[in-house]
Amino acid sequence: MAVPKYRTSRAKGRARRTHQKLVAPAVMECPHCHETKLPHRVCSHCGFYNGIEVVTPGKTEQSE
């Protein structure tokens, strides 16, 4: 098993971790109701996607 010969300095370790960070999700405005939504998703407020009402808002489907 490989064992490091020397201790990694703080700068070297931190430089390696510079790309490990959180990124805020992209949001856009719904063209129908002007609420914020994720791109390429049905709007949870009005139920429209690409100008067509896909789901009726407020109703939840329950399988019984």
# chains A, B, ... in the order shown; residues from 1 in each chain; ligands from 1
>>> residues_around(residues="Val42 (chain A)", least_positions_apart="3", cutoff="10 Å", atoms="only C-alpha atoms", output="list in words")
Cys30, Lys37, Leu38, Pro39, His45, Cys46, Gly47, Phe48, Tyr49, Asn50, Ile52, Glu53, Val54 and Val55 of chain A
>>> select_by_dssp(residues="chain A", states="helix (DSSP H, G or I)", output="list in words")
Arg10, Ala11, Lys12, Gly13, Arg14, Ala15 and Arg16 of chain A
>>> select_by_dssp(residues="chain A", states="strand (DSSP E)", output="tab-separated table (two decimals) with N, CA and C atoms, in the first residue's frame")
chain	number	residue	atom	x	y	z
A	28	MET	N	-34.94	30.00	-13.31
A	28	MET	CA	-35.45	30.91	-14.34
A	28	MET	C	-36.87	31.32	-13.97
A	29	GLU	N	-37.38	32.28	-14.68
A	29	GLU	CA	-38.73	32.76	-14.43
A	29	GLU	C	-39.70	32.04	-15.36
A	36	THR	N	-40.41	31.70	-9.95
A	36	THR	CA	-39.13	31.07	-10.25
A	36	THR	C	-39.31	29.56	-10.29
A	37	LYS	N	-38.59	28.93	-11.23
A	37	LYS	CA	-38.65	27.48	-11.37
A	37	LYS	C	-37.33	26.99	-11.93
A	48	PHE	N	-47.68	24.75	-16.01
A	48	PHE	CA	-47.40	24.89	-17.43
A	48	PHE	C	-45.97	24.49	-17.75
A	49	TYR	N	-45.77	23.94	-18.95
A	49	TYR	CA	-44.44	23.65	-19.49
A	49	TYR	C	-44.50	23.89	-20.99
A	52	ILE	N	-47.92	24.83	-22.51
A	52	ILE	CA	-49.02	23.88	-22.43
A	52	ILE	C	-49.23	23.50	-20.97
A	53	GLU	N	-50.50	23.45	-20.54
A	53	GLU	CA	-50.78	23.02	-19.17
A	53	GLU	C	-50.63	21.51	-19.09
